[in-house]
$ cat entry.cif   # mmCIF, C-alpha atoms
data_start
#
loop_
_atom_site.label_atom_id
_atom_site.label_comp_id
_atom_site.auth_asym_id
_atom_site.auth_seq_id
_atom_site.Cartn_x
_atom_site.Cartn_y
_atom_site.Cartn_z
CA MET A 1 80.17 272.63 53.85
CA ALA A 2 82.11 270.01 51.99
CA TRP A 3 82.56 268.75 48.46
CA ASP A 4 79.71 266.97 46.69
CA ARG A 5 80.24 264.03 44.33
CA ASN A 6 80.97 266.23 41.35
CA GLN A 7 83.37 268.44 43.27
CA MET A 8 85.22 265.34 44.48
CA ALA A 9 85.47 264.14 40.88
CA GLU A 10 86.65 267.57 39.77
CA ARG A 11 89.34 267.55 42.48
CA ALA A 12 90.37 264.01 41.47
CA ALA A 13 90.76 265.19 37.86
CA GLN A 14 93.59 267.46 39.06
CA GLU A 15 95.58 264.26 39.65
CA LEU A 16 95.71 263.57 35.91
CA GLN A 17 98.81 264.35 33.88
CA ASP A 18 99.29 264.87 30.18
CA GLY A 19 99.99 261.65 28.30
CA TRP A 20 98.81 259.33 31.06
CA TYR A 21 96.87 256.10 30.61
CA VAL A 22 94.37 255.92 33.47
CA ASN A 23 91.77 253.52 34.82
CA LEU A 24 88.65 254.97 36.46
CA GLY A 25 86.58 252.80 38.79
CA ILE A 26 82.82 252.64 39.10
CA GLY A 27 80.84 255.40 40.88
CA ILE A 28 82.36 258.83 41.60
CA PRO A 29 85.61 257.91 39.78
CA THR A 30 83.62 257.54 36.54
CA LEU A 31 82.60 261.21 36.89
CA VAL A 32 86.27 262.23 36.73
CA SER A 33 86.12 261.86 32.93
CA ASN A 34 83.80 264.89 32.86
CA TYR A 35 86.58 267.09 34.30
CA ILE A 36 89.65 266.18 32.25
CA PRO A 37 91.31 269.58 31.68
CA GLU A 38 90.97 271.04 28.20
CA GLY A 39 93.93 270.15 26.01
CA MET A 40 95.20 267.41 28.31
CA ASP A 41 95.87 264.12 26.55
CA VAL A 42 94.55 261.35 28.82
CA THR A 43 93.62 257.87 27.60
CA LEU A 44 91.09 255.94 29.68
CA GLN A 45 91.41 252.19 30.03
CA SER A 46 88.45 249.89 30.51
CA GLU A 47 89.86 246.68 31.96
CA ASN A 48 87.57 244.37 30.02
CA GLY A 49 89.83 245.18 27.07
CA MET A 50 89.89 248.71 25.70
CA LEU A 51 92.09 251.79 25.67
CA GLY A 52 90.54 255.07 24.57
CA MET A 53 87.09 254.92 26.15
CA GLY A 54 84.58 257.43 24.80
CA ALA A 55 81.36 258.89 26.21
CA PHE A 56 78.05 257.06 26.63
CA PRO A 57 76.29 256.64 23.27
CA ILE A 58 73.31 258.71 22.24
CA ASP A 59 69.98 256.89 22.30
CA GLY A 60 69.79 254.39 19.46
CA GLU A 61 73.55 254.04 18.98
CA GLU A 62 74.17 251.52 21.75
CA ASP A 63 76.30 248.57 20.71
CA ALA A 64 76.08 245.31 22.67
CA ASP A 65 79.73 244.62 21.76
CA LEU A 66 80.95 247.89 23.24
CA ILE A 67 80.74 248.18 27.03
CA ASN A 68 82.91 249.41 29.89
CA ALA A 69 84.01 247.51 32.99
CA GLY A 70 80.74 248.49 34.67
CA LYS A 71 78.92 246.78 31.77
CA GLN A 72 77.52 250.13 30.59
CA THR A 73 77.27 250.88 26.88
CA ILE A 74 79.99 253.31 25.74
CA THR A 75 81.52 254.63 22.52
CA GLU A 76 84.95 254.49 20.93
CA LEU A 77 87.34 257.25 19.90
CA GLU A 78 89.74 257.57 16.98
CA ARG A 79 92.57 256.41 19.25
CA THR A 80 90.68 253.38 20.60
CA SER A 81 92.29 249.96 20.63
CA TYR A 82 90.79 246.64 21.73
CA PHE A 83 92.54 243.61 23.22
CA ASP A 84 91.75 240.54 25.28
CA SER A 85 91.48 240.43 29.07
CA ALA A 86 94.86 238.71 29.51
CA MET A 87 96.63 241.55 27.71
CA SER A 88 94.47 244.10 29.52
CA PHE A 89 95.59 242.88 32.92
CA GLY A 90 99.10 242.41 31.59
CA MET A 91 99.28 246.17 31.09
CA ILE A 92 97.75 246.71 34.54
CA ARG A 93 100.10 244.37 36.43
CA GLY A 94 102.98 245.45 34.25
CA GLY A 95 102.74 249.01 35.52
CA LYS A 96 101.81 250.54 32.16
CA ILE A 97 98.69 252.23 33.58
CA ALA A 98 99.89 255.38 35.33
CA MET A 99 97.04 255.72 37.79
CA ALA A 100 93.78 254.19 38.96
CA ILE A 101 91.10 256.27 40.63
CA LEU A 102 88.89 253.96 42.68
CA GLY A 103 86.08 254.00 45.20
CA ALA A 104 86.54 252.46 48.64
CA MET A 105 84.71 251.24 51.72
CA GLU A 106 87.70 251.76 54.04
CA VAL A 107 91.27 253.01 53.78
CA ALA A 108 93.93 252.64 56.48
CA GLU A 109 96.78 254.95 57.38
CA ASN A 110 99.34 252.54 55.88
CA GLY A 111 97.51 252.56 52.54
CA ASP A 112 95.55 249.34 53.01
CA LEU A 113 92.39 249.39 50.90
CA ALA A 114 89.10 247.54 51.41
CA ASN A 115 86.52 247.91 48.68
CA TRP A 116 85.24 244.48 47.62
CA MET A 117 83.56 242.58 50.43
CA ILE A 118 81.46 242.98 53.57
CA PRO A 119 81.38 239.68 55.49
CA GLY A 120 77.84 238.45 56.09
CA LYS A 121 76.48 240.53 53.22
CA LEU A 122 76.10 239.50 49.60
CA VAL A 123 79.50 238.90 48.09
CA LYS A 124 79.74 240.07 44.52
CA GLY A 125 83.45 239.66 43.90
CA MET A 126 86.55 241.75 43.47
CA GLY A 127 86.45 241.97 39.69
CA GLY A 128 89.64 243.68 38.59
CA ALA A 129 90.19 245.77 41.74
CA MET A 130 92.92 243.59 43.28
CA ASP A 131 94.89 243.55 40.02
CA LEU A 132 94.56 247.31 39.61
CA VAL A 133 95.77 248.24 43.08
CA ALA A 134 98.65 245.76 42.84
CA GLY A 135 99.79 246.88 39.44
CA VAL A 136 99.17 250.50 38.51
CA GLY A 137 101.67 253.27 39.16
CA ARG A 138 99.53 255.34 41.51
CA VAL A 139 96.30 254.56 43.39
CA VAL A 140 93.97 257.42 44.28
CA VAL A 141 90.86 256.66 46.31
CA VAL A 142 87.74 258.82 46.09
CA MET A 143 85.08 258.23 48.73
CA ASP A 144 82.95 259.80 51.44
CA HIS A 145 85.01 260.46 54.55
CA THR A 146 82.47 258.89 56.89
CA SER A 147 79.74 256.24 56.71
CA LYS A 148 76.03 257.00 56.76
CA HIS A 149 76.22 256.53 60.55
CA GLY A 150 79.03 259.09 60.82
CA ASP A 151 81.82 256.56 61.43
CA SER A 152 85.19 257.39 59.90
CA LYS A 153 86.16 255.35 56.83
CA VAL A 154 89.75 256.59 57.10
CA LEU A 155 91.07 254.21 59.74
CA LYS A 156 94.12 253.10 61.68
CA GLU A 157 93.43 249.60 60.35
CA CYS A 158 90.80 248.32 57.95
CA THR A 159 88.12 246.11 59.51
CA LEU A 160 86.93 244.66 56.17
CA PRO A 161 88.77 242.10 54.02
CA LEU A 162 91.50 243.85 52.06
CA THR A 163 91.65 244.49 48.33
CA GLY A 164 95.32 245.35 48.62
CA LYS A 165 97.95 245.91 51.31
CA ALA A 166 99.69 249.31 51.48
CA VAL A 167 98.55 250.25 47.98
CA VAL A 168 96.83 253.67 48.33
CA ASP A 169 98.85 256.81 47.60
CA ARG A 170 96.22 259.55 47.99
CA ILE A 171 92.72 259.79 49.48
CA ILE A 172 90.19 262.33 48.20
CA THR A 173 87.01 262.61 50.28
CA ASN A 174 84.16 265.06 50.65
CA LEU A 175 86.20 266.69 53.44
CA GLY A 176 89.60 266.99 51.79
CA VAL A 177 92.74 265.37 50.40
CA LEU A 178 95.19 263.23 52.37
CA ASP A 179 98.41 261.49 51.35
CA VAL A 180 99.65 258.19 52.73
CA VAL A 181 103.13 258.90 54.08
CA GLU A 182 105.58 257.39 56.54
CA GLY A 183 103.89 257.29 59.95
CA GLY A 184 100.33 258.06 58.86
CA LEU A 185 98.35 260.46 56.73
CA LYS A 186 99.31 263.98 55.76
CA ILE A 187 96.69 266.62 54.99
CA VAL A 188 97.18 268.01 51.50
CA GLU A 189 94.16 270.29 51.52
CA CYS A 190 90.75 270.74 53.10
CA ALA A 191 87.52 270.87 51.11
CA ASP A 192 85.76 274.21 50.73
CA GLY A 193 84.44 275.33 54.10
CA VAL A 194 86.08 272.46 56.01
CA THR A 195 88.64 273.28 58.70
CA GLU A 196 91.71 271.18 59.47
CA GLU A 197 90.19 270.47 62.90
CA GLU A 198 87.01 269.12 61.31
CA LEU A 199 89.03 266.95 58.93
CA ARG A 200 91.12 265.58 61.79
CA ALA A 201 88.03 264.94 63.91
CA ALA A 202 86.42 262.89 61.13
CA THR A 203 89.59 260.84 60.65
CA GLU A 204 90.31 257.85 62.88
CA ALA A 205 93.71 257.30 61.25
CA THR A 206 96.85 259.00 62.53
CA VAL A 207 97.17 262.40 60.89
CA ILE A 208 100.72 263.70 61.14
CA MET B 1 89.57 218.29 8.68
CA LYS B 2 86.09 219.71 8.82
CA LYS B 3 85.61 222.17 11.66
CA ILE B 4 82.21 223.60 10.76
CA TYR B 5 79.19 221.99 12.44
CA GLY B 6 75.52 222.52 11.71
CA SER B 7 74.38 223.48 15.21
CA ALA B 8 75.57 223.98 18.77
CA ALA B 9 74.14 220.57 19.73
CA GLU B 10 76.05 218.86 16.91
CA ALA B 11 79.27 220.65 17.82
CA LEU B 12 78.94 219.48 21.43
CA GLU B 13 78.38 215.84 20.48
CA GLY B 14 80.87 213.50 22.15
CA VAL B 15 82.43 216.35 24.09
CA LEU B 16 80.23 216.75 27.17
CA HIS B 17 80.46 214.68 30.32
CA ASP B 18 79.24 215.17 33.89
CA GLY B 19 81.74 216.84 36.23
CA MET B 20 83.78 218.51 33.50
CA LEU B 21 85.59 221.85 33.64
CA ILE B 22 84.45 224.34 31.02
CA ALA B 23 86.18 227.66 30.32
CA ALA B 24 83.75 230.19 28.89
CA GLY B 25 84.53 233.52 27.22
CA GLY B 26 82.60 236.71 27.79
CA PHE B 27 82.48 239.67 30.18
CA GLY B 28 79.09 240.27 31.73
CA LEU B 29 76.73 239.43 28.88
CA CYS B 30 79.13 240.81 26.27
CA GLY B 31 80.69 238.23 23.97
CA ILE B 32 79.28 235.19 25.75
CA PRO B 33 78.79 231.89 23.89
CA GLU B 34 75.03 232.05 24.29
CA LEU B 35 74.15 229.36 21.74
CA LEU B 36 76.53 226.79 23.22
CA LEU B 37 75.27 227.54 26.75
CA ASN B 38 71.70 226.94 25.57
CA ALA B 39 72.78 223.64 24.00
CA ILE B 40 74.60 222.54 27.19
CA ARG B 41 71.38 223.22 29.11
CA ASP B 42 69.44 221.10 26.61
CA ALA B 43 72.05 218.32 26.86
CA GLY B 44 71.50 218.19 30.64
CA THR B 45 75.17 217.68 31.53
CA LYS B 46 75.59 217.97 35.32
CA ASP B 47 78.10 218.89 38.03
CA LEU B 48 79.83 221.36 35.76
CA THR B 49 82.61 223.67 36.88
CA PHE B 50 82.80 226.90 34.92
CA ALA B 51 85.85 229.12 34.70
CA SER B 52 84.11 232.29 33.57
CA ASN B 53 84.57 235.89 34.68
CA ASN B 54 80.84 236.22 35.46
CA ALA B 55 77.85 233.94 35.90
CA GLY B 56 75.36 235.62 33.58
CA VAL B 57 72.00 236.89 34.75
CA ASP B 58 69.05 234.79 35.89
CA ASP B 59 67.70 234.07 32.41
CA PHE B 60 70.69 234.55 30.12
CA GLY B 61 74.22 233.21 29.88
CA ILE B 62 75.46 230.79 32.52
CA GLY B 63 72.44 231.83 34.59
CA ILE B 64 70.27 229.42 32.59
CA LEU B 65 72.46 226.51 33.73
CA LEU B 66 72.10 227.65 37.33
CA GLN B 67 68.30 227.52 36.96
CA THR B 68 68.59 223.87 35.90
CA LYS B 69 71.14 223.14 38.67
CA GLN B 70 73.75 221.89 36.21
CA VAL B 71 76.57 223.92 37.76
CA LYS B 72 78.55 222.62 40.75
CA LYS B 73 81.20 225.30 40.95
CA MET B 74 82.07 228.71 39.52
CA ILE B 75 85.59 230.16 39.18
CA SER B 76 84.82 233.86 38.67
CA SER B 77 85.84 237.39 39.61
CA TYR B 78 82.39 238.95 39.87
CA VAL B 79 78.95 237.36 40.23
CA GLY B 80 76.87 240.31 41.35
CA GLU B 81 74.01 240.32 38.87
CA ASN B 82 72.46 236.94 39.51
CA LYS B 83 69.82 236.28 42.20
CA GLU B 84 69.61 232.52 41.62
CA PHE B 85 73.40 232.34 41.93
CA MET B 86 73.25 234.02 45.33
CA ARG B 87 70.39 231.80 46.50
CA GLN B 88 72.28 228.62 45.59
CA TYR B 89 75.60 229.93 46.93
CA LEU B 90 74.17 231.05 50.28
CA GLY B 91 72.25 227.76 50.50
CA GLY B 92 75.48 225.78 50.08
CA GLU B 93 74.39 224.22 46.77
CA LEU B 94 77.01 225.99 44.69
CA GLU B 95 80.76 226.30 45.20
CA LEU B 96 82.45 229.57 44.38
CA GLU B 97 86.14 230.28 43.90
CA PHE B 98 86.82 233.99 43.54
CA ASN B 99 89.77 234.85 41.34
CA PRO B 100 90.89 238.42 40.69
CA GLN B 101 89.93 239.21 37.11
CA GLY B 102 93.47 239.51 35.82
CA THR B 103 94.55 236.39 37.66
CA LEU B 104 91.68 234.45 36.06
CA ALA B 105 92.59 235.73 32.58
CA GLU B 106 96.26 234.89 33.11
CA ARG B 107 95.43 231.44 34.54
CA MET B 108 93.62 230.68 31.28
CA ARG B 109 96.35 232.16 29.10
CA ALA B 110 99.05 230.31 31.03
CA GLY B 111 97.18 227.00 30.97
CA GLY B 112 96.88 227.25 27.22
CA ALA B 113 100.51 228.25 26.86
CA GLY B 114 101.93 225.27 28.75
CA ILE B 115 102.70 227.25 31.89
CA PRO B 116 101.42 225.35 34.96
CA GLY B 117 101.89 228.24 37.36
CA PHE B 118 103.01 231.85 37.59
CA TYR B 119 103.80 234.39 40.28
CA THR B 120 101.70 237.54 40.60
CA LYS B 121 101.55 240.37 43.13
CA THR B 122 97.77 240.57 42.73
CA GLY B 123 96.10 239.56 45.98
CA VAL B 124 99.20 239.57 48.21
CA GLY B 125 98.09 240.42 51.75
CA THR B 126 94.45 239.51 51.04
CA VAL B 127 92.34 236.36 51.55
CA ILE B 128 93.19 235.41 47.96
CA ALA B 129 96.77 234.70 49.07
CA ASP B 130 95.76 232.32 51.89
CA GLY B 131 97.41 228.92 51.47
CA LYS B 132 99.32 229.93 48.36
CA GLU B 133 103.10 229.82 48.00
CA HIS B 134 104.71 233.24 48.54
CA LYS B 135 108.00 234.16 46.96
CA ASP B 136 110.05 237.37 46.87
CA PHE B 137 111.53 238.68 43.64
CA ASP B 138 113.66 241.84 43.67
CA GLY B 139 112.32 242.83 47.07
CA GLU B 140 108.63 242.39 46.26
CA THR B 141 106.34 239.54 47.36
CA TYR B 142 104.38 237.48 44.85
CA ILE B 143 102.00 234.51 45.12
CA LEU B 144 101.86 231.40 43.00
CA GLU B 145 98.75 230.95 40.86
CA ARG B 146 98.05 227.88 38.72
CA GLY B 147 97.35 227.75 35.02
CA ILE B 148 93.93 226.41 34.06
CA VAL B 149 93.52 223.65 31.49
CA ALA B 150 89.83 223.13 30.78
CA ASP B 151 88.17 220.01 29.36
CA LEU B 152 86.26 222.27 27.03
CA ALA B 153 86.41 225.92 26.03
CA ILE B 154 83.34 227.66 24.62
CA VAL B 155 83.80 231.07 23.05
CA LYS B 156 81.98 233.63 20.94
CA ALA B 157 83.62 235.48 18.05
CA TRP B 158 82.41 237.83 15.34
CA LYS B 159 83.80 236.07 12.28
CA ALA B 160 85.57 232.82 11.51
CA ASP B 161 86.91 231.21 8.39
CA ASP B 162 86.53 227.46 7.90
CA THR B 163 89.99 226.82 9.41
CA GLY B 164 88.90 228.37 12.71
CA ASN B 165 90.78 231.66 12.46
CA LEU B 166 88.77 234.09 14.58
CA VAL B 167 88.11 237.82 14.61
CA PHE B 168 86.33 239.44 17.53
CA ARG B 169 84.45 242.71 17.63
CA LYS B 170 85.20 245.61 20.01
CA THR B 171 85.02 244.74 23.73
CA ALA B 172 83.33 241.41 22.97
CA ARG B 173 86.86 239.98 22.67
CA ASN B 174 87.48 240.10 26.46
CA PHE B 175 87.98 236.59 27.91
CA ASN B 176 87.35 234.74 24.66
CA PRO B 177 90.96 234.35 23.44
CA PRO B 178 92.41 233.19 26.79
CA ALA B 179 89.42 230.87 27.38
CA ALA B 180 89.85 229.38 23.90
CA MET B 181 93.56 228.84 24.48
CA CYS B 182 93.11 226.85 27.71
CA GLY B 183 90.59 224.32 26.34
CA LYS B 184 91.62 220.78 25.40
CA ILE B 185 88.83 221.22 22.87
CA CYS B 186 87.53 224.63 21.86
CA ILE B 187 84.21 225.30 20.20
CA ALA B 188 83.60 228.77 18.79
CA GLU B 189 80.21 230.20 17.89
CA VAL B 190 80.33 233.09 15.44
CA GLU B 191 78.01 235.51 13.74
CA GLU B 192 79.47 234.85 10.34
CA ILE B 193 81.64 232.22 8.66
CA VAL B 194 83.54 233.86 5.83
CA PRO B 195 85.61 232.40 2.94
CA ARG B 196 89.17 231.35 3.65
CA GLY B 197 91.54 234.25 2.94
CA SER B 198 88.97 236.99 3.38
CA LEU B 199 89.92 237.87 6.97
CA GLY B 200 93.53 238.70 6.06
CA GLY B 201 96.27 236.86 7.94
CA ASP B 202 97.52 240.00 9.67
CA ALA B 203 94.06 240.75 11.08
CA ILE B 204 93.43 237.40 12.80
CA HIS B 205 92.93 237.83 16.56
CA LEU B 206 93.08 234.12 17.42
CA PRO B 207 94.65 231.57 15.06
CA GLY B 208 92.61 228.52 14.13
CA ILE B 209 95.06 226.18 15.85
CA TYR B 210 93.13 226.94 19.06
CA VAL B 211 89.69 226.31 17.55
CA HIS B 212 88.45 222.79 16.82
CA ARG B 213 84.78 223.24 16.05
CA ILE B 214 82.84 226.21 14.71
CA ILE B 215 79.16 227.01 14.45
CA GLN B 216 77.40 229.98 12.97
CA GLY B 217 74.15 231.28 14.42
CA ASP B 218 71.93 234.20 15.34
CA HIS B 219 72.83 235.88 18.60
CA GLU B 220 70.57 237.84 20.90
CA LYS B 221 73.53 239.89 22.23
CA ARG B 222 71.65 241.26 25.21
CA ILE B 223 72.78 244.57 26.76
CA GLU B 224 73.11 244.45 30.55
CA GLN B 225 73.34 248.18 31.36
CA ARG B 226 71.95 250.29 28.56
CA THR B 227 73.42 253.72 29.30
CA VAL B 228 72.94 256.73 27.02
CA ARG B 229 73.68 260.44 27.10
CA THR B 230 71.42 263.19 25.88
CA ALA B 231 72.63 264.37 22.50
#

$ encode --input "entry.cif" --output "structure tokens"
Amino acid sequence: MAWDRNQMAERAAQELQDGWYVNLGIGIPTLVSNYIPEGMDVTLQSENGMLGMGAFPIDGEEDADLINAGKQTITELERTSYFDSAMSFGMIRGGKIAMAILGAMEVAENGDLANWMIPGKLVKGMGGAMDLVAGVGRVVVVMDHTSKHGDSKVLKECTLPLTGKAVVDRIITNLGVLDVVEGGLKIVECADGVTEEELRAATEATVI
Amino acid sequence: MKKIYGSAAEALEGVLHDGMLIAAGGFGLCGIPELLLNAIRDAGTKDLTFASNNAGVDDFGIGILLQTKQVKKMISSYVGENKEFMRQYLGGELELEFNPQGTLAERMRAGGAGIPGFYTKTGVGTVIADGKEHKDFDGETYILERGIVADLAIVKAWKADDTGNLVFRKTARNFNPPAAMCGKICIAEVEEIVPRGSLGGDAIHLPGIYVHRIIQGDHEKRIEQRTVRTA
């Protein structure tokens, strides 16, 4: 037993706080918007230049001028504002975005994050990921704990090129939640049906 | 001075030369100067360097200039949607300089604002920082990034008046203002040219001082990832 994608997103939504401006990455982090607690005031940023991102449009209401950072058609809200990419990343680097929830390929025990490049494979680019992890107040990673081959993705040191050095604050995986602290990772909780021993066994990083 | 031109080809007259650096607005296929890109393809200008967040898709946007091998180098943050790009890049025919998205936007903004370089914490400790000056401010390490000044900026806006004041629409604004700002010459293509005064001075997104030539035309405005929910 462990969390599925939606349960991971639901757990990640518990990281949100009332009044926060938040950036959600592509993949599981996008699902977090489905679990924003009722009554909580959270404004989603799309780094191409929008605050107040709405749901996907209904069929026939797509607008080519209205897309998110994953280039998907979206909708606006009453609170929505638009701005250019320089201002968008100004608010990211300037620490105005309280939190980013991002996917990852690898995370290390010191908070190093790798999520943009696999040497020898097709290189697509880092997009806004390096700016986000360098600038936002808090970085939460949501990912599977192990690779398809069963290798741990929570490592002593990342093997892939870094997106940011010592930038991750919290890791949410299908097996549980870990915080990056002095000396390694600290278990915050285990996923449903996962024991602490199983979580430790799947983690290459130092768990204190 | 007359800023309005009859077509993209006319607006580009006397501006293009082989080996030039062009800053292009747009994010993905949203808000890209599609008419000017078509006209640059038709003009056949070669060895171009593009500062543009993305490289289009195979048959739209900058992708059409990759098909004709007019591009020598891309300065971009993400080029994932383009097979011909990957073929040329892996074959060594195309140079690629990855910039983090915010660094690229700020390089354009800075270049247009007379700032030749700036320090940013984006990319510290990654390959992006290799060979760049590092400097500590208040206990944190930053790297030096250079402003971009382009020979030509090509942008897409929603509306313009005849003085070049521009208004963009929704997320199609994206890289267009910073790209426009960093061009020695900026050409804007718009959906509609409206009478002077009708945009309202408080509502202008980019003042006409940055815009030297304007064309109006029909835009395809292709959607890259049509995503809908069930009602």

$ atom_distance --input "entry.cif" --atom1 "CA of Lys135 in chain B" --atom2 "CA of Ile97 in chain A"
24.3 Å

$ interface_residues --input "entry.cif" --of "chain A" --to "chain B" --cutoff "7 Å" --atoms "all atoms listed in the file" --output "VMD selection string"
chain A and resid 48 to 50 56 to 59 64 to 67 71 to 73 82 to 86 89 124 to 128 130 to 131 134 161 to 165

$ write_last_selection --input "entry.cif" --atoms "C-alpha atoms" --output "PDB file, in the frame of the given file"
ATOM      1  CA  ASN A  48      87.570 244.370  30.020  1.00  0.00           C
ATOM      2  CA  GLY A  49      89.830 245.180  27.070  1.00  0.00           C
ATOM      3  CA  MET A  50      89.890 248.710  25.700  1.00  0.00           C
ATOM      4  CA  PHE A  56      78.050 257.060  26.630  1.00  0.00           C
ATOM      5  CA  PRO A  57      76.290 256.640  23.270  1.00  0.00           C
ATOM      6  CA  ILE A  58      73.310 258.710  22.240  1.00  0.00           C
ATOM      7  CA  ASP A  59      69.980 256.890  22.300  1.00  0.00           C
ATOM      8  CA  ALA A  64      76.080 245.310  22.670  1.00  0.00           C
ATOM      9  CA  ASP A  65      79.730 244.620  21.760  1.00  0.00           C
ATOM     10  CA  LEU A  66      80.950 247.890  23.240  1.00  0.00           C
ATOM     11  CA  ILE A  67      80.740 248.180  27.030  1.00  0.00           C
ATOM     12  CA  LYS A  71      78.920 246.780  31.770  1.00  0.00           C
ATOM     13  CA  GLN A  72      77.520 250.130  30.590  1.00  0.00           C
ATOM     14  CA  THR A  73      77.270 250.880  26.880  1.00  0.00           C
ATOM     15  CA  TYR A  82      90.790 246.640  21.730  1.00  0.00           C
ATOM     16  CA  PHE A  83      92.540 243.610  23.220  1.00  0.00           C
ATOM     17  CA  ASP A  84      91.750 240.540  25.280  1.00  0.00           C
ATOM     18  CA  SER A  85      91.480 240.430  29.070  1.00  0.00           C
ATOM     19  CA  ALA A  86      94.860 238.710  29.510  1.00  0.00           C
ATOM     20  CA  PHE A  89      95.590 242.880  32.920  1.00  0.00           C
ATOM     21  CA  LYS A 124      79.740 240.070  44.520  1.00  0.00           C
ATOM     22  CA  GLY A 125      83.450 239.660  43.900  1.00  0.00           C
ATOM     23  CA  MET A 126      86.550 241.750  43.470  1.00  0.00           C
ATOM     24  CA  GLY A 127      86.450 241.970  39.690  1.00  0.00           C
ATOM     25  CA  GLY A 128      89.640 243.680  38.590  1.00  0.00           C
ATOM     26  CA  MET A 130      92.920 243.590  43.280  1.00  0.00           C
ATOM     27  CA  ASP A 131      94.890 243.550  40.020  1.00  0.00           C
ATOM     28  CA  ALA A 134      98.650 245.760  42.840  1.00  0.00           C
ATOM     29  CA  PRO A 161      88.770 242.100  54.020  1.00  0.00           C
ATOM     30  CA  LEU A 162      91.500 243.850  52.060  1.00  0.00           C
ATOM     31  CA  THR A 163      91.650 244.490  48.330  1.00  0.00           C
ATOM     32  CA  GLY A 164      95.320 245.350  48.620  1.00  0.00           C
ATOM     33  CA  LYS A 165      97.950 245.910  51.310  1.00  0.00           C
TER      34      LYS A 165
END

$ closest_atom_pairs --input "entry.cif" --of "range 146-170 of chain B" --to "range 183-191 of chain B" --cutoff "7 Å" --atoms "only C-alpha atoms" --output "CSV"
residue,atom,partner,partner_atom,distance
B:Val149,CA,B:Gly183,CA,6.0
B:Ala150,CA,B:Gly183,CA,4.7
B:Asp151,CA,B:Lys184,CA,5.3
B:Leu152,CA,B:Gly183,CA,4.8
B:Ala153,CA,B:Gly183,CA,4.5
B:Ile154,CA,B:Ile187,CA,5.1
B:Val155,CA,B:Ala188,CA,4.8
B:Lys156,CA,B:Glu189,CA,4.9
B:Ala157,CA,B:Val190,CA,4.8
B:Trp158,CA,B:Val190,CA,5.2
B:Lys159,CA,B:Val190,CA,5.6
B:Ala160,CA,B:Val190,CA,6.6

$ write_last_selection --input "entry.cif" --atoms "C-alpha atoms" --output "JSON list (two decimals), in the frame of the given file"
[["chain", "number", "residue", "atom", "x", "y", "z"],
["B", 149, "VAL", "CA", 93.52, 223.65, 31.49],
["B", 150, "ALA", "CA", 89.83, 223.13, 30.78],
["B", 151, "ASP", "CA", 88.17, 220.01, 29.36],
["B", 152, "LEU", "CA", 86.26, 222.27, 27.03],
["B", 153, "ALA", "CA", 86.41, 225.92, 26.03],
["B", 154, "ILE", "CA", 83.34, 227.66, 24.62],
["B", 155, "VAL", "CA", 83.80, 231.07, 23.05],
["B", 156, "LYS", "CA", 81.98, 233.63, 20.94],
["B", 157, "ALA", "CA", 83.62, 235.48, 18.05],
["B", 158, "TRP", "CA", 82.41, 237.83, 15.34],
["B", 159, "LYS", "CA", 83.80, 236.07, 12.28],
["B", 160, "ALA", "CA", 85.57, 232.82, 11.51]]

$ residues_around --input "entry.cif" --residues "Leu178 in chain A" --least-positions-apart "4" --cutoff "9 Å" --atoms "only C-alpha atoms" --output "ChimeraX atom specification"
/A:169-173,185-190,207

$ residues_around --input "entry.cif" --residues "Asp18 in chain A" --least-positions-apart "2" --cutoff "8 Å" --atoms "all atoms listed in the file" --output "CSV table (one decimal) with C-alpha atoms, in the coordinates of the input"
chain,number,residue,atom,x,y,z
A,16,LEU,CA,95.7,263.6,35.9
A,20,TRP,CA,98.8,259.3,31.1
A,40,MET,CA,95.2,267.4,28.3
A,41,ASP,CA,95.9,264.1,26.6
A,42,VAL,CA,94.6,261.4,28.8

$ residues_around --input "entry.cif" --residues "Val136 in chain A" --least-positions-apart "2" --cutoff "6 Å" --atoms "only C-alpha atoms" --output "number ranges by chain"
A: 92, 95, 97-99, 132, 138

$ residues_around --input "entry.cif" --residues "Glu95 in chain B" --least-positions-apart "6" --cutoff "7 Å" --atoms "all atoms listed in the file" --output "list in words"
Lys72, Lys73, Met74 and Tyr89 of chain B

$ residues_around --input "entry.cif" --residues "Val211 in chain B" --least-positions-apart "2" --cutoff "9 Å" --atoms "only C-alpha atoms" --output "list of chain:residue names"
B:Lys3, B:Thr163, B:Gly164, B:Asn165, B:Leu166, B:Ala180, B:Met181, B:Ile185, B:Cys186, B:Ile187, B:Ala188, B:Leu206, B:Pro207, B:Gly208, B:Ile209, B:Arg213, B:Ile214

$ resolve_selection --input "entry.cif" --expression "the PyMOL selection byres ((chain A and resi 8-10) around 8)" --output "short mmCIF file (atom, residue, chain, number, x, y, z; two decimals) with C-alpha atoms, in the frame of the given file"
data_model
loop_
_atom_site.label_atom_id
_atom_site.label_comp_id
_atom_site.auth_asym_id
_atom_site.auth_seq_id
_atom_site.Cartn_x
_atom_site.Cartn_y
_atom_site.Cartn_z
CA TRP A 3 82.56 268.75 48.46
CA ASP A 4 79.71 266.97 46.69
CA ARG A 5 80.24 264.03 44.33
CA ASN A 6 80.97 266.23 41.35
CA GLN A 7 83.37 268.44 43.27
CA ARG A 11 89.34 267.55 42.48
CA ALA A 12 90.37 264.01 41.47
CA ALA A 13 90.76 265.19 37.86
CA GLN A 14 93.59 267.46 39.06
CA ILE A 28 82.36 258.83 41.60
CA PRO A 29 85.61 257.91 39.78
CA LEU A 31 82.60 261.21 36.89
CA VAL A 32 86.27 262.23 36.73
CA ASN A 34 83.80 264.89 32.86
CA TYR A 35 86.58 267.09 34.30
CA VAL A 142 87.74 258.82 46.09
CA ILE A 172 90.19 262.33 48.20
CA THR A 173 87.01 262.61 50.28
CA ASN A 174 84.16 265.06 50.65
#
